file target_12.txt (compact mmCIF, all heavy atoms)
# COMPACT_ATOMS: atom_id res chain seq x y z
N MET A 1 -48.80 -49.09 -7.92
CA MET A 1 -47.62 -49.93 -7.93
C MET A 1 -47.58 -50.81 -9.18
O MET A 1 -46.53 -51.01 -9.75
CB MET A 1 -47.63 -50.77 -6.64
CG MET A 1 -46.33 -51.43 -6.35
SD MET A 1 -45.10 -50.15 -6.04
CE MET A 1 -43.83 -51.11 -5.40
N THR A 2 -48.73 -51.34 -9.59
CA THR A 2 -48.76 -52.17 -10.80
C THR A 2 -48.42 -51.33 -12.03
O THR A 2 -47.82 -51.84 -12.96
CB THR A 2 -50.14 -52.82 -11.00
OG1 THR A 2 -51.14 -51.96 -10.50
CG2 THR A 2 -50.23 -54.16 -10.42
N PHE A 3 -48.80 -50.05 -12.01
CA PHE A 3 -48.46 -49.19 -13.13
C PHE A 3 -46.95 -49.07 -13.29
O PHE A 3 -46.42 -49.13 -14.40
CB PHE A 3 -49.09 -47.80 -12.93
CG PHE A 3 -48.63 -46.79 -13.95
CD1 PHE A 3 -49.11 -46.84 -15.25
CD2 PHE A 3 -47.70 -45.82 -13.61
CE1 PHE A 3 -48.68 -45.92 -16.19
CE2 PHE A 3 -47.26 -44.91 -14.54
CZ PHE A 3 -47.76 -44.95 -15.83
N MET A 4 -46.25 -48.91 -12.19
CA MET A 4 -44.79 -48.79 -12.23
C MET A 4 -44.15 -50.09 -12.72
O MET A 4 -43.19 -50.05 -13.50
CB MET A 4 -44.24 -48.42 -10.85
CG MET A 4 -44.48 -46.97 -10.47
SD MET A 4 -43.78 -45.80 -11.64
CE MET A 4 -42.06 -45.96 -11.25
N LYS A 5 -44.67 -51.23 -12.30
CA LYS A 5 -44.13 -52.51 -12.75
C LYS A 5 -44.32 -52.67 -14.26
O LYS A 5 -43.41 -53.09 -14.97
CB LYS A 5 -44.78 -53.67 -12.00
CG LYS A 5 -44.33 -53.80 -10.57
CD LYS A 5 -45.00 -54.99 -9.90
CE LYS A 5 -44.63 -55.06 -8.44
NZ LYS A 5 -45.29 -56.16 -7.74
N LYS A 6 -45.51 -52.32 -14.73
CA LYS A 6 -45.78 -52.41 -16.17
C LYS A 6 -44.90 -51.43 -16.94
O LYS A 6 -44.37 -51.75 -18.00
CB LYS A 6 -47.25 -52.13 -16.47
CG LYS A 6 -48.18 -53.25 -16.08
CD LYS A 6 -49.61 -52.89 -16.45
CE LYS A 6 -50.58 -53.97 -16.02
NZ LYS A 6 -51.97 -53.62 -16.37
N PHE A 7 -44.76 -50.23 -16.39
CA PHE A 7 -43.96 -49.21 -17.06
C PHE A 7 -42.50 -49.63 -17.16
O PHE A 7 -41.86 -49.48 -18.20
CB PHE A 7 -44.07 -47.88 -16.30
CG PHE A 7 -43.28 -46.76 -16.91
CD1 PHE A 7 -43.73 -46.15 -18.08
CD2 PHE A 7 -42.10 -46.34 -16.33
CE1 PHE A 7 -43.00 -45.12 -18.65
CE2 PHE A 7 -41.37 -45.31 -16.90
CZ PHE A 7 -41.82 -44.69 -18.06
N LEU A 8 -41.95 -50.17 -16.11
CA LEU A 8 -40.55 -50.58 -16.10
C LEU A 8 -40.29 -51.83 -16.93
O LEU A 8 -39.19 -52.03 -17.45
CB LEU A 8 -40.07 -50.78 -14.66
CG LEU A 8 -39.99 -49.51 -13.82
CD1 LEU A 8 -39.64 -49.85 -12.38
CD2 LEU A 8 -38.99 -48.54 -14.41
N SER A 9 -41.30 -52.69 -17.07
CA SER A 9 -41.11 -53.92 -17.85
C SER A 9 -41.42 -53.73 -19.33
O SER A 9 -41.14 -54.60 -20.14
CB SER A 9 -41.97 -55.04 -17.30
OG SER A 9 -43.34 -54.75 -17.46
N ASN A 10 -42.00 -52.57 -19.70
CA ASN A 10 -42.34 -52.30 -21.10
C ASN A 10 -41.07 -52.01 -21.89
O ASN A 10 -40.34 -51.06 -21.59
CB ASN A 10 -43.30 -51.12 -21.18
CG ASN A 10 -43.80 -50.88 -22.58
OD1 ASN A 10 -43.41 -51.56 -23.52
ND2 ASN A 10 -44.68 -49.90 -22.72
N GLU A 11 -40.79 -52.81 -22.93
CA GLU A 11 -39.57 -52.64 -23.72
C GLU A 11 -39.86 -52.21 -25.15
O GLU A 11 -38.97 -52.23 -26.00
CB GLU A 11 -38.78 -53.95 -23.72
CG GLU A 11 -38.26 -54.34 -22.35
CD GLU A 11 -37.44 -55.61 -22.39
OE1 GLU A 11 -37.24 -56.15 -23.49
OE2 GLU A 11 -37.01 -56.04 -21.32
N SER A 12 -41.08 -51.82 -25.46
CA SER A 12 -41.41 -51.46 -26.84
C SER A 12 -40.66 -50.21 -27.28
O SER A 12 -40.26 -50.09 -28.43
CB SER A 12 -42.91 -51.28 -27.00
OG SER A 12 -43.36 -50.22 -26.19
N GLY A 13 -40.45 -49.26 -26.39
CA GLY A 13 -39.69 -48.06 -26.74
C GLY A 13 -38.25 -48.37 -27.03
O GLY A 13 -37.66 -47.84 -27.97
N ALA A 14 -37.66 -49.26 -26.25
CA ALA A 14 -36.27 -49.66 -26.47
C ALA A 14 -36.12 -50.36 -27.81
O ALA A 14 -35.14 -50.16 -28.54
CB ALA A 14 -35.79 -50.55 -25.34
N THR A 15 -37.09 -51.17 -28.18
CA THR A 15 -37.05 -51.87 -29.46
C THR A 15 -37.12 -50.88 -30.61
O THR A 15 -36.39 -51.01 -31.59
CB THR A 15 -38.21 -52.88 -29.56
OG1 THR A 15 -38.14 -53.77 -28.45
CG2 THR A 15 -38.14 -53.67 -30.84
N ALA A 16 -37.97 -49.88 -30.50
CA ALA A 16 -38.08 -48.86 -31.55
C ALA A 16 -36.77 -48.10 -31.70
O ALA A 16 -36.33 -47.81 -32.82
CB ALA A 16 -39.22 -47.90 -31.24
N ILE A 17 -36.13 -47.78 -30.59
CA ILE A 17 -34.84 -47.08 -30.63
C ILE A 17 -33.79 -47.96 -31.29
O ILE A 17 -32.99 -47.50 -32.11
CB ILE A 17 -34.41 -46.66 -29.22
CG1 ILE A 17 -35.33 -45.55 -28.71
CG2 ILE A 17 -32.97 -46.19 -29.20
CD1 ILE A 17 -35.13 -45.18 -27.27
N GLU A 18 -33.78 -49.25 -30.98
CA GLU A 18 -32.82 -50.17 -31.59
C GLU A 18 -33.02 -50.24 -33.09
O GLU A 18 -32.06 -50.20 -33.86
CB GLU A 18 -32.97 -51.56 -30.99
CG GLU A 18 -32.47 -51.64 -29.56
CD GLU A 18 -32.82 -52.97 -28.89
OE1 GLU A 18 -33.52 -53.80 -29.51
OE2 GLU A 18 -32.41 -53.16 -27.74
N TYR A 19 -34.27 -50.33 -33.54
CA TYR A 19 -34.54 -50.35 -34.98
C TYR A 19 -34.11 -49.04 -35.64
O TYR A 19 -33.59 -49.03 -36.75
CB TYR A 19 -36.02 -50.62 -35.26
CG TYR A 19 -36.41 -52.06 -35.10
CD1 TYR A 19 -37.54 -52.42 -34.38
CD2 TYR A 19 -35.66 -53.08 -35.68
CE1 TYR A 19 -37.91 -53.75 -34.23
CE2 TYR A 19 -36.02 -54.41 -35.55
CZ TYR A 19 -37.15 -54.74 -34.82
OH TYR A 19 -37.50 -56.05 -34.69
N GLY A 20 -34.32 -47.94 -34.96
CA GLY A 20 -33.88 -46.65 -35.49
C GLY A 20 -32.37 -46.57 -35.63
O GLY A 20 -31.85 -46.07 -36.63
N LEU A 21 -31.65 -47.08 -34.64
CA LEU A 21 -30.19 -47.09 -34.71
C LEU A 21 -29.69 -47.99 -35.83
O LEU A 21 -28.74 -47.66 -36.54
CB LEU A 21 -29.60 -47.54 -33.37
CG LEU A 21 -29.74 -46.54 -32.23
CD1 LEU A 21 -29.28 -47.17 -30.91
CD2 LEU A 21 -28.94 -45.29 -32.52
N ILE A 22 -30.33 -49.13 -36.00
CA ILE A 22 -29.94 -50.05 -37.08
C ILE A 22 -30.18 -49.38 -38.43
O ILE A 22 -29.33 -49.45 -39.33
CB ILE A 22 -30.70 -51.39 -36.97
CG1 ILE A 22 -30.22 -52.16 -35.74
CG2 ILE A 22 -30.54 -52.22 -38.23
CD1 ILE A 22 -31.07 -53.37 -35.39
N ALA A 23 -31.31 -48.73 -38.60
CA ALA A 23 -31.62 -48.04 -39.86
C ALA A 23 -30.60 -46.93 -40.13
O ALA A 23 -30.15 -46.75 -41.27
CB ALA A 23 -33.03 -47.48 -39.82
N ALA A 24 -30.23 -46.19 -39.10
CA ALA A 24 -29.24 -45.12 -39.27
C ALA A 24 -27.88 -45.69 -39.66
O ALA A 24 -27.19 -45.14 -40.52
CB ALA A 24 -29.12 -44.31 -37.98
N LEU A 25 -27.50 -46.79 -39.06
CA LEU A 25 -26.22 -47.44 -39.38
C LEU A 25 -26.21 -47.93 -40.82
O LEU A 25 -25.22 -47.75 -41.54
CB LEU A 25 -25.99 -48.61 -38.43
CG LEU A 25 -24.56 -49.06 -38.20
CD1 LEU A 25 -23.79 -47.95 -37.51
CD2 LEU A 25 -24.55 -50.30 -37.35
N ILE A 26 -27.31 -48.51 -41.27
CA ILE A 26 -27.41 -48.98 -42.66
C ILE A 26 -27.34 -47.78 -43.61
O ILE A 26 -26.67 -47.84 -44.65
CB ILE A 26 -28.70 -49.79 -42.86
CG1 ILE A 26 -28.59 -51.12 -42.11
CG2 ILE A 26 -28.99 -50.01 -44.34
CD1 ILE A 26 -29.87 -51.92 -42.07
N ALA A 27 -28.01 -46.69 -43.26
CA ALA A 27 -27.99 -45.50 -44.11
C ALA A 27 -26.58 -44.93 -44.24
O ALA A 27 -26.14 -44.58 -45.34
CB ALA A 27 -28.94 -44.44 -43.56
N VAL A 28 -25.85 -44.86 -43.15
CA VAL A 28 -24.47 -44.35 -43.19
C VAL A 28 -23.61 -45.27 -44.05
O VAL A 28 -22.80 -44.80 -44.86
CB VAL A 28 -23.90 -44.21 -41.76
CG1 VAL A 28 -22.40 -43.97 -41.79
CG2 VAL A 28 -24.60 -43.09 -41.02
N GLY A 29 -23.77 -46.57 -43.90
CA GLY A 29 -23.00 -47.52 -44.71
C GLY A 29 -23.30 -47.36 -46.19
O GLY A 29 -22.39 -47.36 -47.03
N LEU A 30 -24.58 -47.20 -46.54
CA LEU A 30 -24.95 -47.01 -47.95
C LEU A 30 -24.37 -45.72 -48.51
O LEU A 30 -23.91 -45.68 -49.65
CB LEU A 30 -26.47 -47.01 -48.09
CG LEU A 30 -27.15 -48.36 -48.05
CD1 LEU A 30 -28.67 -48.20 -48.03
CD2 LEU A 30 -26.73 -49.20 -49.24
N ILE A 31 -24.40 -44.68 -47.72
CA ILE A 31 -23.85 -43.40 -48.18
C ILE A 31 -22.37 -43.54 -48.48
O ILE A 31 -21.88 -43.08 -49.53
CB ILE A 31 -24.11 -42.29 -47.15
CG1 ILE A 31 -25.59 -41.93 -47.12
CG2 ILE A 31 -23.27 -41.05 -47.43
CD1 ILE A 31 -26.01 -41.05 -45.97
N LEU A 32 -21.63 -44.19 -47.60
CA LEU A 32 -20.20 -44.36 -47.82
C LEU A 32 -19.91 -45.21 -49.05
O LEU A 32 -19.04 -44.88 -49.86
CB LEU A 32 -19.55 -45.00 -46.58
CG LEU A 32 -19.54 -44.13 -45.33
CD1 LEU A 32 -19.00 -44.91 -44.13
CD2 LEU A 32 -18.71 -42.89 -45.56
N VAL A 33 -20.65 -46.29 -49.22
CA VAL A 33 -20.44 -47.16 -50.38
C VAL A 33 -20.78 -46.42 -51.67
O VAL A 33 -20.02 -46.48 -52.64
CB VAL A 33 -21.28 -48.45 -50.24
CG1 VAL A 33 -21.34 -49.22 -51.54
CG2 VAL A 33 -20.72 -49.33 -49.14
N LEU A 34 -21.90 -45.71 -51.69
CA LEU A 34 -22.31 -45.01 -52.90
C LEU A 34 -21.37 -43.86 -53.25
O LEU A 34 -21.16 -43.57 -54.43
CB LEU A 34 -23.74 -44.51 -52.77
CG LEU A 34 -24.80 -45.62 -52.73
CD1 LEU A 34 -26.18 -45.03 -52.48
CD2 LEU A 34 -24.79 -46.42 -54.02
N GLN A 35 -20.77 -43.22 -52.25
CA GLN A 35 -19.79 -42.18 -52.54
C GLN A 35 -18.56 -42.78 -53.22
O GLN A 35 -18.03 -42.21 -54.18
CB GLN A 35 -19.36 -41.46 -51.26
CG GLN A 35 -20.36 -40.45 -50.78
CD GLN A 35 -19.91 -39.74 -49.52
OE1 GLN A 35 -19.05 -40.23 -48.79
NE2 GLN A 35 -20.50 -38.59 -49.25
N ASN A 36 -18.11 -43.94 -52.75
CA ASN A 36 -16.95 -44.58 -53.36
C ASN A 36 -17.26 -45.05 -54.78
O ASN A 36 -16.45 -44.88 -55.69
CB ASN A 36 -16.47 -45.76 -52.51
CG ASN A 36 -15.83 -45.30 -51.22
OD1 ASN A 36 -15.31 -44.20 -51.15
ND2 ASN A 36 -15.86 -46.15 -50.22
N VAL A 37 -18.43 -45.62 -54.98
CA VAL A 37 -18.83 -46.08 -56.30
C VAL A 37 -18.98 -44.88 -57.24
O VAL A 37 -18.55 -44.93 -58.39
CB VAL A 37 -20.14 -46.90 -56.23
CG1 VAL A 37 -20.70 -47.16 -57.61
CG2 VAL A 37 -19.90 -48.21 -55.51
N GLY A 38 -19.56 -43.80 -56.75
CA GLY A 38 -19.73 -42.60 -57.56
C GLY A 38 -18.39 -42.03 -57.99
O GLY A 38 -18.22 -41.60 -59.13
N GLY A 39 -17.42 -42.02 -57.09
CA GLY A 39 -16.09 -41.52 -57.43
C GLY A 39 -15.42 -42.39 -58.48
O GLY A 39 -14.79 -41.88 -59.42
N ALA A 40 -15.57 -43.69 -58.36
CA ALA A 40 -14.99 -44.61 -59.34
C ALA A 40 -15.65 -44.43 -60.70
O ALA A 40 -14.98 -44.43 -61.74
CB ALA A 40 -15.12 -46.05 -58.86
N LEU A 41 -16.97 -44.27 -60.71
CA LEU A 41 -17.68 -44.06 -61.98
C LEU A 41 -17.25 -42.75 -62.64
O LEU A 41 -17.07 -42.68 -63.86
CB LEU A 41 -19.19 -44.06 -61.75
CG LEU A 41 -19.84 -45.42 -61.57
CD1 LEU A 41 -21.30 -45.26 -61.23
CD2 LEU A 41 -19.68 -46.26 -62.82
N LYS A 42 -17.09 -41.72 -61.84
CA LYS A 42 -16.67 -40.43 -62.39
C LYS A 42 -15.30 -40.55 -63.03
O LYS A 42 -15.07 -40.03 -64.13
CB LYS A 42 -16.64 -39.37 -61.28
CG LYS A 42 -16.26 -37.99 -61.77
CD LYS A 42 -16.28 -36.97 -60.65
CE LYS A 42 -15.85 -35.63 -61.17
NZ LYS A 42 -15.83 -34.62 -60.11
N THR A 43 -14.39 -41.25 -62.38
CA THR A 43 -13.05 -41.46 -62.93
C THR A 43 -13.11 -42.22 -64.24
O THR A 43 -12.46 -41.84 -65.22
CB THR A 43 -12.17 -42.23 -61.91
OG1 THR A 43 -12.14 -41.49 -60.69
CG2 THR A 43 -10.77 -42.44 -62.43
N ASN A 44 -13.91 -43.27 -64.30
CA ASN A 44 -14.03 -44.07 -65.52
C ASN A 44 -14.64 -43.26 -66.66
O ASN A 44 -14.15 -43.30 -67.79
CB ASN A 44 -14.87 -45.32 -65.27
CG ASN A 44 -14.13 -46.36 -64.46
OD1 ASN A 44 -12.91 -46.36 -64.41
ND2 ASN A 44 -14.87 -47.24 -63.82
N PHE A 45 -15.71 -42.53 -66.39
CA PHE A 45 -16.34 -41.75 -67.44
C PHE A 45 -15.44 -40.61 -67.92
O PHE A 45 -15.46 -40.25 -69.10
CB PHE A 45 -17.70 -41.22 -66.99
CG PHE A 45 -18.79 -42.24 -67.08
CD1 PHE A 45 -19.45 -42.67 -65.93
CD2 PHE A 45 -19.16 -42.79 -68.29
CE1 PHE A 45 -20.45 -43.62 -66.01
CE2 PHE A 45 -20.16 -43.75 -68.38
CZ PHE A 45 -20.81 -44.16 -67.24
N THR A 46 -14.66 -40.04 -67.02
CA THR A 46 -13.71 -39.00 -67.42
C THR A 46 -12.66 -39.58 -68.36
O THR A 46 -12.32 -38.97 -69.38
CB THR A 46 -13.04 -38.37 -66.18
OG1 THR A 46 -14.05 -37.83 -65.34
CG2 THR A 46 -12.05 -37.29 -66.57
N ALA A 47 -12.15 -40.76 -68.02
CA ALA A 47 -11.15 -41.41 -68.87
C ALA A 47 -11.74 -41.74 -70.24
O ALA A 47 -11.09 -41.54 -71.28
CB ALA A 47 -10.63 -42.67 -68.19
N ILE A 48 -12.97 -42.23 -70.26
CA ILE A 48 -13.63 -42.55 -71.53
C ILE A 48 -13.83 -41.28 -72.36
O ILE A 48 -13.56 -41.26 -73.57
CB ILE A 48 -14.97 -43.26 -71.27
CG1 ILE A 48 -14.73 -44.65 -70.70
CG2 ILE A 48 -15.80 -43.34 -72.55
CD1 ILE A 48 -15.98 -45.33 -70.16
N SER A 49 -14.27 -40.22 -71.72
CA SER A 49 -14.50 -38.96 -72.42
C SER A 49 -13.20 -38.41 -73.01
O SER A 49 -13.17 -37.96 -74.16
CB SER A 49 -15.10 -37.94 -71.46
OG SER A 49 -15.22 -36.69 -72.07
N GLU A 50 -12.13 -38.46 -72.24
CA GLU A 50 -10.84 -37.98 -72.74
C GLU A 50 -10.36 -38.85 -73.90
O GLU A 50 -9.81 -38.34 -74.87
CB GLU A 50 -9.82 -37.96 -71.61
CG GLU A 50 -10.08 -36.87 -70.59
CD GLU A 50 -9.15 -36.96 -69.38
OE1 GLU A 50 -8.34 -37.92 -69.30
OE2 GLU A 50 -9.26 -36.08 -68.52
N GLY A 51 -10.56 -40.15 -73.78
CA GLY A 51 -10.16 -41.05 -74.86
C GLY A 51 -10.93 -40.78 -76.14
O GLY A 51 -10.36 -40.77 -77.23
N LEU A 52 -12.22 -40.53 -76.01
CA LEU A 52 -13.03 -40.22 -77.19
C LEU A 52 -12.64 -38.88 -77.79
O LEU A 52 -12.64 -38.71 -79.01
CB LEU A 52 -14.51 -40.24 -76.83
CG LEU A 52 -15.11 -41.61 -76.53
CD1 LEU A 52 -16.53 -41.46 -76.03
CD2 LEU A 52 -15.05 -42.51 -77.75
N SER A 53 -12.31 -37.91 -76.96
CA SER A 53 -11.90 -36.60 -77.46
C SER A 53 -10.60 -36.71 -78.24
O SER A 53 -10.46 -36.12 -79.32
CB SER A 53 -11.70 -35.63 -76.30
OG SER A 53 -12.91 -35.37 -75.66
N LYS A 54 -9.65 -37.47 -77.75
CA LYS A 54 -8.37 -37.64 -78.44
C LYS A 54 -8.58 -38.38 -79.75
O LYS A 54 -7.96 -38.06 -80.76
CB LYS A 54 -7.39 -38.41 -77.55
CG LYS A 54 -6.89 -37.59 -76.39
CD LYS A 54 -5.95 -38.39 -75.52
CE LYS A 54 -5.55 -37.57 -74.30
NZ LYS A 54 -4.72 -38.35 -73.39
N THR A 55 -9.46 -39.37 -79.77
CA THR A 55 -9.72 -40.12 -80.98
C THR A 55 -10.38 -39.25 -82.03
O THR A 55 -10.03 -39.30 -83.22
CB THR A 55 -10.63 -41.32 -80.67
OG1 THR A 55 -10.02 -42.12 -79.66
CG2 THR A 55 -10.85 -42.17 -81.90
N SER A 56 -11.31 -38.40 -81.63
CA SER A 56 -12.00 -37.54 -82.59
C SER A 56 -11.08 -36.44 -83.11
O SER A 56 -11.25 -35.95 -84.22
CB SER A 56 -13.25 -36.94 -81.98
OG SER A 56 -12.94 -36.07 -80.94
N GLU A 57 -10.09 -36.03 -82.36
CA GLU A 57 -9.14 -35.01 -82.80
C GLU A 57 -8.19 -35.57 -83.85
O GLU A 57 -7.81 -34.88 -84.78
CB GLU A 57 -8.34 -34.48 -81.61
CG GLU A 57 -9.14 -33.61 -80.67
CD GLU A 57 -8.36 -33.23 -79.42
OE1 GLU A 57 -7.18 -33.63 -79.29
OE2 GLU A 57 -8.94 -32.54 -78.56
N THR A 58 -7.82 -36.83 -83.73
CA THR A 58 -6.87 -37.41 -84.69
C THR A 58 -7.56 -37.93 -85.94
O THR A 58 -6.94 -38.06 -86.97
CB THR A 58 -6.10 -38.58 -84.02
OG1 THR A 58 -7.03 -39.55 -83.55
CG2 THR A 58 -5.24 -38.07 -82.88
N ASN A 59 -8.85 -38.21 -85.86
CA ASN A 59 -9.62 -38.71 -87.01
C ASN A 59 -10.79 -37.78 -87.31
O ASN A 59 -11.91 -38.04 -86.91
CB ASN A 59 -10.15 -40.13 -86.75
CG ASN A 59 -9.06 -41.15 -86.59
OD1 ASN A 59 -8.02 -41.02 -87.22
ND2 ASN A 59 -9.29 -42.14 -85.76
N PRO A 60 -10.54 -36.71 -88.06
CA PRO A 60 -11.65 -35.76 -88.32
C PRO A 60 -12.66 -36.29 -89.30
O PRO A 60 -12.59 -37.14 -90.04
CB PRO A 60 -10.95 -34.54 -88.88
CG PRO A 60 -9.58 -34.93 -89.24
CD PRO A 60 -9.29 -36.23 -88.56

call {"tool": "encode", "arguments": {"input": "target_12.txt", "output": "structure tokens"}}
result
Amino acid sequence: MTFMKKFLSNESGATAIEYGLIAALIAVGLILVLQNVGGALKTNFTAISEGLSKTSETNP
């Protein structure tokens, strides 16, 4: 009977699951943010590259 009481009152497994869920949520958030930043950087570098190409074509 004491084993069952100890087993039911043990919350260490629940705490580990909570930490795992928090880590997964942070990972998903980082992935979304980094995808948006990556897209913005790609757009900026493309614009810079096109600008440099046009400048080099007009000034040989």

call {"tool": "atom_distance", "arguments": {"input": "target_12.txt", "atom1": "CG2 of Thr2 in chain A", "atom2": "atom C of Ala14 in chain A"}}
result
22.7 Å

call {"tool": "atom_distance", "arguments": {"input": "target_12.txt", "atom1": "CB of Lys6 in chain A", "atom2": "CA of Tyr19 in chain A"}}
result
22.5 Å

call {"tool": "atom_distance", "arguments": {"input": "target_12.txt", "atom1": "CA of Gly29 in chain A", "atom2": "CD2 of Phe45 in chain A"}}
result
24.4 Å
